[in-house]
>>> print(open('coords33.cif').read())   # mmCIF, C-alpha atoms and all ligand atoms
data_query
#
loop_
_atom_site.group_PDB
_atom_site.id
_atom_site.type_symbol
_atom_site.label_atom_id
_atom_site.label_comp_id
_atom_site.auth_asym_id
_atom_site.auth_seq_id
_atom_site.Cartn_x
_atom_site.Cartn_y
_atom_site.Cartn_z
ATOM 1 C CA MET Z 3 23.007 11.703 -1.622
ATOM 2 C CA LEU Z 4 19.240 12.114 -1.577
ATOM 3 C CA THR Z 5 17.494 12.699 -4.888
ATOM 4 C CA SER Z 6 14.332 14.697 -4.577
ATOM 5 C CA GLU Z 7 12.358 14.661 -7.810
ATOM 6 C CA SER Z 8 9.467 16.364 -9.468
ATOM 7 C CA PRO Z 9 6.617 13.978 -10.423
ATOM 8 C CA SER Z 10 7.680 11.646 -13.203
ATOM 9 C CA ALA Z 11 6.516 12.012 -16.785
ATOM 10 C CA ASN Z 12 3.270 10.464 -18.000
ATOM 11 C CA THR Z 13 4.712 7.674 -20.104
ATOM 12 C CA ALA Z 14 3.009 4.700 -21.717
ATOM 13 C CA SER Z 15 4.592 2.314 -19.176
ATOM 14 C CA ASN Z 16 2.611 3.858 -16.330
ATOM 15 C CA LYS Z 17 0.386 1.352 -14.594
ATOM 16 C CA LEU Z 18 -1.435 3.990 -12.576
ATOM 17 C CA VAL Z 19 -2.020 7.593 -13.538
ATOM 18 C CA ILE Z 20 -3.428 10.035 -10.991
ATOM 19 C CA GLU Z 21 -3.911 13.532 -12.345
ATOM 20 C CA HIS Z 22 -5.063 16.637 -10.474
ATOM 21 C CA VAL Z 23 -7.156 14.620 -8.033
ATOM 22 C CA SER Z 24 -9.089 16.457 -5.331
ATOM 23 C CA LYS Z 25 -11.448 14.918 -2.814
ATOM 24 C CA PHE Z 26 -13.790 16.569 -0.324
ATOM 25 C CA PHE Z 27 -15.747 15.046 2.530
ATOM 26 C CA ARG Z 28 -18.810 16.926 3.690
ATOM 27 C CA THR Z 29 -20.556 15.824 6.857
ATOM 28 C CA SER Z 30 -23.231 17.657 8.869
ATOM 29 C CA SER Z 31 -20.529 19.099 11.131
ATOM 30 C CA LEU Z 32 -17.448 19.363 8.922
ATOM 31 C CA ASN Z 33 -16.110 20.033 5.446
ATOM 32 C CA VAL Z 34 -12.732 18.447 4.841
ATOM 33 C CA GLN Z 35 -10.567 18.602 1.761
ATOM 34 C CA ALA Z 36 -8.804 15.263 2.001
ATOM 35 C CA LEU Z 37 -6.833 15.638 -1.269
ATOM 36 C CA ASP Z 38 -5.830 18.739 -3.185
ATOM 37 C CA ASP Z 39 -4.617 18.517 -6.776
ATOM 38 C CA VAL Z 40 -2.697 15.268 -6.364
ATOM 39 C CA THR Z 41 -0.761 14.129 -9.435
ATOM 40 C CA LEU Z 42 1.266 10.933 -9.438
ATOM 41 C CA GLN Z 43 2.306 8.344 -12.014
ATOM 42 C CA ILE Z 44 3.285 4.852 -10.982
ATOM 43 C CA ALA Z 45 5.122 2.544 -13.372
ATOM 44 C CA GLU Z 46 4.341 -1.125 -13.924
ATOM 45 C CA GLY Z 47 6.132 -3.165 -11.267
ATOM 46 C CA GLU Z 48 7.086 -0.143 -9.197
ATOM 47 C CA PHE Z 49 6.985 -0.145 -5.372
ATOM 48 C CA VAL Z 50 5.816 3.263 -4.186
ATOM 49 C CA CYS Z 51 5.404 4.295 -0.553
ATOM 50 C CA LEU Z 52 3.086 7.107 0.551
ATOM 51 C CA VAL Z 53 4.201 8.752 3.779
ATOM 52 C CA GLY Z 54 2.765 11.586 5.817
ATOM 53 C CA PRO Z 55 1.147 12.537 9.095
ATOM 54 C CA SER Z 56 -2.301 11.383 10.104
ATOM 55 C CA GLY Z 57 -5.113 12.904 8.067
ATOM 56 C CA CYS Z 58 -3.086 13.868 4.982
ATOM 57 C CA GLY Z 59 -5.251 11.760 2.670
ATOM 58 C CA LYS Z 60 -3.080 8.667 2.128
ATOM 59 C CA SER Z 61 -5.905 6.193 2.754
ATOM 60 C CA THR Z 62 -8.306 8.320 0.742
ATOM 61 C CA LEU Z 63 -5.965 8.131 -2.250
ATOM 62 C CA LEU Z 64 -5.554 4.369 -1.812
ATOM 63 C CA ASN Z 65 -9.357 3.951 -1.683
ATOM 64 C CA ILE Z 66 -9.700 5.969 -4.869
ATOM 65 C CA ILE Z 67 -7.079 3.836 -6.645
ATOM 66 C CA ALA Z 68 -8.889 0.714 -5.381
ATOM 67 C CA GLY Z 69 -12.124 2.072 -6.882
ATOM 68 C CA LEU Z 70 -13.797 2.097 -3.457
ATOM 69 C CA ASP Z 71 -14.220 5.872 -3.634
ATOM 70 C CA ARG Z 72 -14.368 8.474 -6.417
ATOM 71 C CA PRO Z 73 -12.418 11.700 -6.765
ATOM 72 C CA ASP Z 74 -14.434 14.937 -6.889
ATOM 73 C CA ARG Z 75 -12.002 16.307 -9.429
ATOM 74 C CA GLY Z 76 -9.288 14.818 -11.582
ATOM 75 C CA LEU Z 77 -8.498 11.604 -13.340
ATOM 76 C CA VAL Z 78 -7.491 8.176 -12.016
ATOM 77 C CA GLN Z 79 -6.513 5.505 -14.516
ATOM 78 C CA ALA Z 80 -5.175 1.969 -14.396
ATOM 79 C CA ASP Z 81 -3.695 0.600 -17.628
ATOM 80 C CA GLY Z 82 -5.019 3.641 -19.483
ATOM 81 C CA HIS Z 83 -8.643 3.127 -18.354
ATOM 82 C CA THR Z 84 -10.526 5.302 -15.901
ATOM 83 C CA ILE Z 85 -11.074 3.444 -12.637
ATOM 84 C CA ALA Z 86 -14.848 3.135 -12.210
ATOM 85 C CA GLY Z 87 -15.041 0.689 -9.298
ATOM 86 C CA PRO Z 88 -13.218 -2.079 -7.459
ATOM 87 C CA GLY Z 89 -11.876 -4.981 -9.465
ATOM 88 C CA PRO Z 90 -9.769 -8.123 -9.081
ATOM 89 C CA HIS Z 91 -6.731 -6.441 -10.645
ATOM 90 C CA ARG Z 92 -6.332 -3.984 -7.750
ATOM 91 C CA LEU Z 93 -6.563 -5.598 -4.331
ATOM 92 C CA MET Z 94 -6.293 -3.946 -0.910
ATOM 93 C CA MET Z 95 -4.574 -5.138 2.239
ATOM 94 C CA PHE Z 96 -5.276 -3.392 5.557
ATOM 95 C CA GLN Z 97 -3.660 -2.972 8.978
ATOM 96 C CA GLU Z 98 -6.029 -5.580 10.388
ATOM 97 C CA ALA Z 99 -5.837 -8.800 8.411
ATOM 98 C CA ALA Z 100 -9.664 -9.011 8.192
ATOM 99 C CA LEU Z 101 -9.616 -12.785 7.797
ATOM 100 C CA PHE Z 102 -12.785 -14.852 8.021
ATOM 101 C CA PRO Z 103 -12.609 -16.479 11.472
ATOM 102 C CA TRP Z 104 -14.913 -19.347 10.501
ATOM 103 C CA LEU Z 105 -12.551 -20.472 7.737
ATOM 104 C CA THR Z 106 -9.167 -22.156 8.055
ATOM 105 C CA VAL Z 107 -5.969 -20.553 6.752
ATOM 106 C CA LEU Z 108 -6.411 -22.448 3.478
ATOM 107 C CA GLY Z 109 -10.112 -21.566 3.370
ATOM 108 C CA ASN Z 110 -9.252 -17.873 3.604
ATOM 109 C CA VAL Z 111 -6.840 -18.046 0.683
ATOM 110 C CA LEU Z 112 -9.286 -20.144 -1.365
ATOM 111 C CA PHE Z 113 -11.947 -17.512 -0.682
ATOM 112 C CA GLY Z 114 -9.734 -14.959 -2.443
ATOM 113 C CA LEU Z 115 -9.742 -17.255 -5.477
ATOM 114 C CA LYS Z 116 -13.526 -17.508 -5.746
ATOM 115 C CA LEU Z 117 -13.627 -14.984 -8.557
ATOM 116 C CA SER Z 118 -10.892 -16.749 -10.540
ATOM 117 C CA HIS Z 119 -13.418 -18.350 -12.871
ATOM 118 C CA GLY Z 120 -10.868 -19.936 -15.188
ATOM 119 C CA LEU Z 121 -9.635 -22.312 -12.466
ATOM 120 C CA ASN Z 122 -11.110 -25.649 -11.389
ATOM 121 C CA ALA Z 123 -11.119 -26.761 -7.747
ATOM 122 C CA ALA Z 124 -7.801 -28.632 -7.983
ATOM 123 C CA GLU Z 125 -6.081 -25.649 -9.619
ATOM 124 C CA ARG Z 126 -7.419 -23.299 -6.925
ATOM 125 C CA GLN Z 127 -6.132 -25.623 -4.235
ATOM 126 C CA GLU Z 128 -2.715 -25.794 -5.907
ATOM 127 C CA LYS Z 129 -2.553 -22.014 -6.222
ATOM 128 C CA ALA Z 130 -3.625 -21.443 -2.608
ATOM 129 C CA GLU Z 131 -0.979 -23.877 -1.379
ATOM 130 C CA TYR Z 132 1.666 -22.216 -3.567
ATOM 131 C CA PHE Z 133 0.987 -18.785 -2.050
ATOM 132 C CA LEU Z 134 0.851 -20.175 1.491
ATOM 133 C CA GLU Z 135 4.246 -21.746 0.819
ATOM 134 C CA LEU Z 136 5.471 -18.385 -0.511
ATOM 135 C CA VAL Z 137 4.548 -16.638 2.745
ATOM 136 C CA GLY Z 138 5.954 -19.508 4.823
ATOM 137 C CA LEU Z 139 2.658 -20.833 6.179
ATOM 138 C CA LYS Z 140 1.932 -23.982 4.215
ATOM 139 C CA ARG Z 141 2.259 -26.183 7.272
ATOM 140 C CA PHE Z 142 -0.415 -24.092 9.012
ATOM 141 C CA MET Z 143 -2.894 -24.361 6.163
ATOM 142 C CA HIS Z 144 -5.387 -26.394 8.189
ATOM 143 C CA SER Z 145 -5.090 -24.174 11.279
ATOM 144 C CA ASN Z 146 -7.879 -21.947 12.477
ATOM 145 C CA VAL Z 147 -7.344 -18.221 12.189
ATOM 146 C CA HIS Z 148 -7.564 -17.661 15.977
ATOM 147 C CA GLU Z 149 -4.557 -19.957 16.437
ATOM 148 C CA LEU Z 150 -2.294 -17.564 14.505
ATOM 149 C CA SER Z 151 -0.142 -14.650 15.697
ATOM 150 C CA GLY Z 152 -0.696 -11.150 14.274
ATOM 151 C CA GLY Z 153 2.239 -11.542 11.891
ATOM 152 C CA MET Z 154 0.956 -14.909 10.672
ATOM 153 C CA LYS Z 155 -2.476 -13.404 10.065
ATOM 154 C CA GLN Z 156 -0.932 -10.681 7.933
ATOM 155 C CA ARG Z 157 0.951 -13.351 5.996
ATOM 156 C CA VAL Z 158 -2.341 -15.149 5.314
ATOM 157 C CA ALA Z 159 -3.870 -11.829 4.222
ATOM 158 C CA LEU Z 160 -0.898 -11.343 1.887
ATOM 159 C CA ALA Z 161 -1.300 -14.836 0.405
ATOM 160 C CA ARG Z 162 -5.035 -14.202 -0.007
ATOM 161 C CA ALA Z 163 -4.359 -10.909 -1.793
ATOM 162 C CA LEU Z 164 -1.648 -12.383 -4.062
ATOM 163 C CA ALA Z 165 -3.434 -15.598 -5.042
ATOM 164 C CA PRO Z 166 -5.904 -14.062 -7.553
ATOM 165 C CA ASN Z 167 -2.861 -12.533 -9.314
ATOM 166 C CA PRO Z 168 -3.790 -8.843 -9.043
ATOM 167 C CA SER Z 169 -1.495 -6.561 -11.013
ATOM 168 C CA VAL Z 170 -1.689 -3.867 -8.321
ATOM 169 C CA LEU Z 171 -1.463 -4.429 -4.583
ATOM 170 C CA LEU Z 172 -2.660 -1.565 -2.365
ATOM 171 C CA MET Z 173 -1.357 -1.860 1.191
ATOM 172 C CA ASP Z 174 -2.696 0.432 3.930
ATOM 173 C CA GLU Z 175 -0.277 0.255 6.870
ATOM 174 C CA PRO Z 176 -0.287 -3.540 6.676
ATOM 175 C CA PHE Z 177 2.431 -3.933 9.317
ATOM 176 C CA GLY Z 178 1.351 -1.059 11.572
ATOM 177 C CA ALA Z 179 -0.074 -3.261 14.328
ATOM 178 C CA LEU Z 180 2.869 -5.672 14.516
ATOM 179 C CA ASP Z 181 5.876 -5.730 16.842
ATOM 180 C CA ALA Z 182 9.255 -4.600 15.482
ATOM 181 C CA LEU Z 183 10.761 -8.093 15.094
ATOM 182 C CA THR Z 184 7.757 -9.475 13.225
ATOM 183 C CA ARG Z 185 7.752 -6.396 11.011
ATOM 184 C CA GLU Z 186 11.403 -6.941 10.148
ATOM 185 C CA GLN Z 187 10.675 -10.506 9.052
ATOM 186 C CA LEU Z 188 7.831 -9.249 6.894
ATOM 187 C CA TYR Z 189 10.050 -6.592 5.284
ATOM 188 C CA GLY Z 190 12.258 -9.468 4.136
ATOM 189 C CA ASP Z 191 9.265 -11.475 2.914
ATOM 190 C CA ILE Z 192 7.620 -8.655 1.022
ATOM 191 C CA GLN Z 193 10.892 -7.727 -0.707
ATOM 192 C CA ARG Z 194 11.467 -11.346 -1.739
ATOM 193 C CA ILE Z 195 7.900 -11.744 -2.998
ATOM 194 C CA TRP Z 196 7.997 -8.413 -4.837
ATOM 195 C CA SER Z 197 11.263 -9.303 -6.569
ATOM 196 C CA GLN Z 198 9.803 -12.675 -7.644
ATOM 197 C CA HIS Z 199 6.365 -11.451 -8.745
ATOM 198 C CA ARG Z 200 6.931 -7.774 -9.577
ATOM 199 C CA LYS Z 201 3.501 -6.505 -8.633
ATOM 200 C CA THR Z 202 2.908 -2.797 -8.735
ATOM 201 C CA ILE Z 203 2.650 -1.907 -5.043
ATOM 202 C CA VAL Z 204 1.303 1.269 -3.436
ATOM 203 C CA PHE Z 205 2.121 1.105 0.261
ATOM 204 C CA VAL Z 206 0.860 3.568 2.890
ATOM 205 C CA THR Z 207 2.832 4.007 6.099
ATOM 206 C CA HIS Z 208 3.644 6.495 8.865
ATOM 207 C CA ASN Z 209 7.036 4.876 9.233
ATOM 208 C CA VAL Z 210 9.723 6.592 7.139
ATOM 209 C CA ARG Z 211 12.297 3.826 7.673
ATOM 210 C CA GLU Z 212 9.771 1.238 6.513
ATOM 211 C CA ALA Z 213 9.099 3.328 3.409
ATOM 212 C CA VAL Z 214 12.827 3.633 2.625
ATOM 213 C CA CYS Z 215 13.318 -0.094 3.232
ATOM 214 C CA LEU Z 216 10.608 -1.049 0.742
ATOM 215 C CA GLY Z 217 10.047 1.662 -1.830
ATOM 216 C CA ASP Z 218 11.562 2.585 -5.175
ATOM 217 C CA ARG Z 219 10.117 5.993 -4.365
ATOM 218 C CA VAL Z 220 8.860 7.635 -1.215
ATOM 219 C CA ILE Z 221 6.117 10.217 -1.732
ATOM 220 C CA LEU Z 222 5.683 12.773 1.048
ATOM 221 C CA PHE Z 223 2.230 14.132 1.817
ATOM 222 C CA SER Z 224 1.243 17.047 4.034
ATOM 223 C CA PRO Z 225 -2.210 17.603 5.539
ATOM 224 C CA ASN Z 226 -4.941 20.274 5.457
ATOM 225 C CA PRO Z 227 -5.525 19.768 2.595
ATOM 226 C CA GLY Z 228 -3.704 16.547 1.636
ATOM 227 C CA ARG Z 229 -1.026 17.356 -0.923
ATOM 228 C CA ILE Z 230 2.065 15.738 -2.361
ATOM 229 C CA ARG Z 231 4.946 17.879 -1.191
ATOM 230 C CA GLU Z 232 7.985 16.014 -2.431
ATOM 231 C CA GLU Z 233 9.169 12.661 -3.682
ATOM 232 C CA PHE Z 234 12.417 10.807 -3.178
ATOM 233 C CA ALA Z 235 13.972 8.088 -5.299
ATOM 234 C CA ILE Z 236 15.566 5.333 -3.193
ATOM 235 C CA PRO Z 237 18.286 3.707 -5.303
ATOM 236 C CA LEU Z 238 19.592 1.422 -2.527
ATOM 237 C CA PRO Z 239 20.241 -2.174 -3.649
ATOM 238 C CA ARG Z 240 17.848 -4.924 -2.524
ATOM 239 C CA PRO Z 241 17.273 -6.810 -0.358
ATOM 240 C CA ARG Z 242 17.471 -3.908 2.074
ATOM 241 C CA ASP Z 243 18.130 -4.206 5.770
ATOM 242 C CA ILE Z 244 16.035 -1.774 7.789
ATOM 243 C CA ASN Z 245 18.916 -1.423 10.253
ATOM 244 C CA SER Z 246 21.557 -0.496 7.684
ATOM 245 C CA VAL Z 247 23.449 2.780 7.989
ATOM 246 C CA ASP Z 248 22.737 3.798 4.374
ATOM 247 C CA LEU Z 249 19.033 3.264 4.853
ATOM 248 C CA ALA Z 250 19.099 5.256 8.103
ATOM 249 C CA ARG Z 251 20.713 8.176 6.262
ATOM 250 C CA TYR Z 252 17.856 8.347 3.757
ATOM 251 C CA ALA Z 253 15.265 7.984 6.508
ATOM 252 C CA THR Z 254 16.848 10.743 8.601
ATOM 253 C CA GLU Z 255 16.881 13.152 5.681
ATOM 254 C CA ILE Z 256 13.285 12.389 4.649
ATOM 255 C CA THR Z 257 12.107 12.708 8.265
ATOM 256 C CA ARG Z 258 13.784 16.118 8.478
ATOM 257 C CA VAL Z 259 11.950 17.282 5.349
ATOM 258 C CA LEU Z 260 8.662 15.820 6.614
ATOM 259 C CA LYS Z 261 9.000 17.535 9.998
ATOM 260 C CA GLY Z 262 9.580 20.823 8.186
ATOM 261 C CA TYR Z 263 6.234 20.491 6.406
ATOM 262 C CA VAL Z 264 4.356 19.504 9.537
ATOM 263 C CA GLN Z 265 5.829 22.406 11.522
ATOM 264 C CA THR Z 266 5.016 24.830 8.690
ATOM 265 C CA GLU Z 267 1.408 23.585 8.665
ATOM 266 C CA VAL Z 268 1.109 23.956 12.432
ATOM 267 C CA ALA Z 269 2.703 27.429 12.409
ATOM 268 C CA GLY Z 270 0.618 28.483 9.405
HETATM 269 N N1 LIG V 301 -15.535 8.852 4.962
HETATM 270 C C1 LIG V 301 -15.103 10.021 5.429
HETATM 271 N N2 LIG V 301 -15.971 10.973 5.854
HETATM 272 C C2 LIG V 301 -15.543 12.172 6.324
HETATM 273 N N3 LIG V 301 -14.239 12.523 6.383
HETATM 274 C C3 LIG V 301 -13.330 11.615 5.984
HETATM 275 C C4 LIG V 301 -13.706 10.332 5.477
HETATM 276 N N4 LIG V 301 -12.584 9.645 5.151
HETATM 277 C C5 LIG V 301 -11.545 10.464 5.416
HETATM 278 N N5 LIG V 301 -11.979 11.640 5.920
HETATM 279 C C6 LIG V 301 -11.161 12.790 6.295
HETATM 280 O O1 LIG V 301 -10.255 13.046 5.235
HETATM 281 C C7 LIG V 301 -8.973 13.372 5.741
HETATM 282 C C8 LIG V 301 -7.947 12.397 5.201
HETATM 283 O O2 LIG V 301 -8.193 11.116 5.784
HETATM 284 P P1 LIG V 301 -7.317 9.822 5.439
HETATM 285 O O3 LIG V 301 -7.847 8.690 6.247
HETATM 286 O O4 LIG V 301 -7.254 9.662 3.982
HETATM 287 O O5 LIG V 301 -5.885 10.265 5.977
HETATM 288 P P2 LIG V 301 -4.600 9.371 6.263
HETATM 289 O O6 LIG V 301 -3.428 10.172 5.805
HETATM 290 O O7 LIG V 301 -4.755 8.023 5.680
HETATM 291 O O8 LIG V 301 -4.639 9.291 7.844
HETATM 292 P P3 LIG V 301 -4.100 8.129 8.823
HETATM 293 O O9 LIG V 301 -2.620 8.083 8.601
HETATM 294 O O10 LIG V 301 -4.473 8.611 10.186
HETATM 295 O O11 LIG V 301 -4.788 6.859 8.423
HETATM 296 C C9 LIG V 301 -9.088 13.365 7.269
HETATM 297 O O12 LIG V 301 -9.309 14.670 7.711
HETATM 298 C C10 LIG V 301 -10.311 12.493 7.511
HETATM 299 O O13 LIG V 301 -10.980 12.893 8.696
#
>>> encode(input="coords33.cif", output="structure tokens", more="lines below")
Ligand SMILES: Nc1ncnc2c1ncn2[C@@H]1O[C@H](COP(=O)(O)OP(=O)(O)OP(=O)(O)O)[C@@H](O)[C@H]1O
Amino acid sequence: MLTSESPSANTASNKLVIEHVSKFFRTSSLNVQALDDVTLQIAEGEFVCLVGPSGCGKSTLLNIIAGLDRPDRGLVQADGHTIAGPGPHRLMMFQEAALFPWLTVLGNVLFGLKLSHGLNAAERQEKAEYFLELVGLKRFMHSNVHELSGGMKQRVALARALAPNPSVLLMDEPFGALDALTREQLYGDIQRIWSQHRKTIVFVTHNVREAVCLGDRVILFSPNPGRIREEFAIPLPRPRDINSVDLARYATEITRVLKGYVQTEVAG
């Protein structure tokens, strides 16, 4: 039932190419190898989930893809070009929405459009309203950020990230701080938005079910040092229901494999 695969071939359609990437952190008290020889290709429009225990380098890899950090070894490319720094084509979304509290909902989304130089004020407004509509928050566009629930804040953050039309969306546990019901609503939203806009998405999570619900592929990492151990294709039809029996079967199998790695690391 479950198809475990070796990393896919480096084809021209790859949006992101990560080859033999290693990353070390050296502080006065500690040397850590956060990533060890990580190789991964991600196709245009693909939804890839990175899963693994705390400290296995998932966020480090996301930061490197975002251009916020550099690998010590290896190659990281987007559209065939080495990633040299952050840019508007690869935007990050974090666990905390990190909205500007002094701006309204609309103001936050408009802020994300500041670098869209080709647009005049009316076009920016139209675009911001379109993306707020897409995430179901248009009627709250004049609300203050502190009036919103956690799930609504993440929706605003999603609209803000989508509005400048990035080709890659990097999501670091974006739903990790939300309650289960709100998360389920957002799984529906993100699947709908992804099927309409086909962004390339790299999504970090601890939650295997979440990864199976959203991803075309689930990539398993293990820690000390952070390595890719296995990847799984998820051919389930969309939209996926996180509570479905088929989805649970995949999640159970992947969790079993993941636990095996973690126990091996601990025993070793
Ligand atoms: N700026 C930094 N300075 C020093 N060490 C760091 C830094 N960033 C990450 N690390 C270390 O690198 C390793 C990988 O961290 P990273 O945050 O990438 O893991 P993660 O898999 O995303 O963890 P979590 O799921 O807990 O967020 C950890 O041991 C962490 O302590």
>>> axis_aligned_box(input="coords33.cif", around="ligand LIG 301 (chain V)", padding_each_side="6 Å", output="lines of an AutoDock Vina configuration file")
center_x = -9.3
center_y = 10.8
center_z = 7.1
size_x = 25.4
size_y = 19.8
size_z = 18.2
>>> resolve_selection(input="coords33.cif", expression="the PyMOL selection byres (((not hetatm)) within 10 of (chain V and resi 301))", output="ChimeraX atom specification")
/Z:25-37,52-66,71,97,174-175,206-208,223-228
>>> closest_residue(input="coords33.cif", among="Z:Leu260, Z:Val40, Z:Met143, Z:Leu188", to="Gln156 of chain Z", atoms="all atoms listed in the file")
Z:Leu188
>>> resolve_selection(input="coords33.cif", expression="the PyMOL selection byres (((chain Z and resi 128-135) around 8) and not hetatm)", output="list in words")
Leu108, Val111, Leu112, Leu115, Ala124, Glu125, Arg126, Gln127, Leu136, Val137, Gly138, Leu139, Lys140, Met143, Val158, Ala161, Arg162, Leu164 and Ala165 of chain Z
>>> closest_residue(input="coords33.cif", among="Z:Arg229, Z:Ile221, Z:Arg258, Z:Val264", to="Cys51 of chain Z", atoms="only C-alpha atoms")
Z:Ile221
>>> decode(input="coords33.cif", residues="segment 28-43 of chain Z", atoms="N, CA and C atoms", output="mmCIF file, in the first residue's frame")
data_model
loop_
_atom_site.group_PDB
_atom_site.id
_atom_site.type_symbol
_atom_site.label_atom_id
_atom_site.label_comp_id
_atom_site.auth_asym_id
_atom_site.auth_seq_id
_atom_site.Cartn_x
_atom_site.Cartn_y
_atom_site.Cartn_z
ATOM 1 N N ARG Z 28 28.171 26.270 15.150
ATOM 2 C CA ARG Z 28 29.218 26.244 16.176
ATOM 3 C C ARG Z 28 28.974 27.406 17.121
ATOM 4 N N THR Z 29 28.730 27.088 18.377
ATOM 5 C CA THR Z 29 28.614 28.139 19.391
ATOM 6 C C THR Z 29 29.763 27.929 20.373
ATOM 7 N N SER Z 30 29.893 28.832 21.359
ATOM 8 C CA SER Z 30 31.005 28.713 22.309
ATOM 9 C C SER Z 30 30.916 27.396 23.079
ATOM 10 N N SER Z 31 29.685 26.885 23.263
ATOM 11 C CA SER Z 31 29.546 25.680 24.090
ATOM 12 C C SER Z 31 29.274 24.413 23.284
ATOM 13 N N LEU Z 32 28.926 24.544 21.996
ATOM 14 C CA LEU Z 32 28.404 23.368 21.298
ATOM 15 C C LEU Z 32 28.721 23.402 19.801
ATOM 16 N N ASN Z 33 29.022 22.232 19.259
ATOM 17 C CA ASN Z 33 29.071 22.078 17.803
ATOM 18 C C ASN Z 33 27.944 21.145 17.401
ATOM 19 N N VAL Z 34 27.088 21.610 16.517
ATOM 20 C CA VAL Z 34 25.958 20.773 16.100
ATOM 21 C C VAL Z 34 25.989 20.623 14.595
ATOM 22 N N GLN Z 35 25.815 19.392 14.123
ATOM 23 C CA GLN Z 35 25.606 19.229 12.681
ATOM 24 C C GLN Z 35 24.104 19.127 12.454
ATOM 25 N N ALA Z 36 23.530 20.212 11.988
ATOM 26 C CA ALA Z 36 22.069 20.268 11.827
ATOM 27 C C ALA Z 36 21.609 19.482 10.604
ATOM 28 N N LEU Z 37 22.413 19.467 9.536
ATOM 29 C CA LEU Z 37 22.055 18.718 8.317
ATOM 30 C C LEU Z 37 23.278 17.971 7.811
ATOM 31 N N ASP Z 38 23.048 16.737 7.368
ATOM 32 C CA ASP Z 38 24.143 15.922 6.863
ATOM 33 C C ASP Z 38 23.784 15.366 5.487
ATOM 34 N N ASP Z 39 24.408 15.902 4.459
ATOM 35 C CA ASP Z 39 24.308 15.346 3.114
ATOM 36 C C ASP Z 39 22.850 15.178 2.648
ATOM 37 N N VAL Z 40 22.099 16.256 2.771
ATOM 38 C CA VAL Z 40 20.678 16.202 2.403
ATOM 39 C C VAL Z 40 20.510 16.480 0.911
ATOM 40 N N THR Z 41 19.849 15.568 0.222
ATOM 41 C CA THR Z 41 19.576 15.720 -1.206
ATOM 42 C C THR Z 41 18.080 15.534 -1.438
ATOM 43 N N LEU Z 42 17.497 16.501 -2.127
ATOM 44 C CA LEU Z 42 16.042 16.480 -2.327
ATOM 45 C C LEU Z 42 15.704 17.336 -3.542
ATOM 46 N N GLN Z 43 14.859 16.805 -4.421
ATOM 47 C CA GLN Z 43 14.366 17.629 -5.534
ATOM 48 C C GLN Z 43 12.863 17.806 -5.381
#
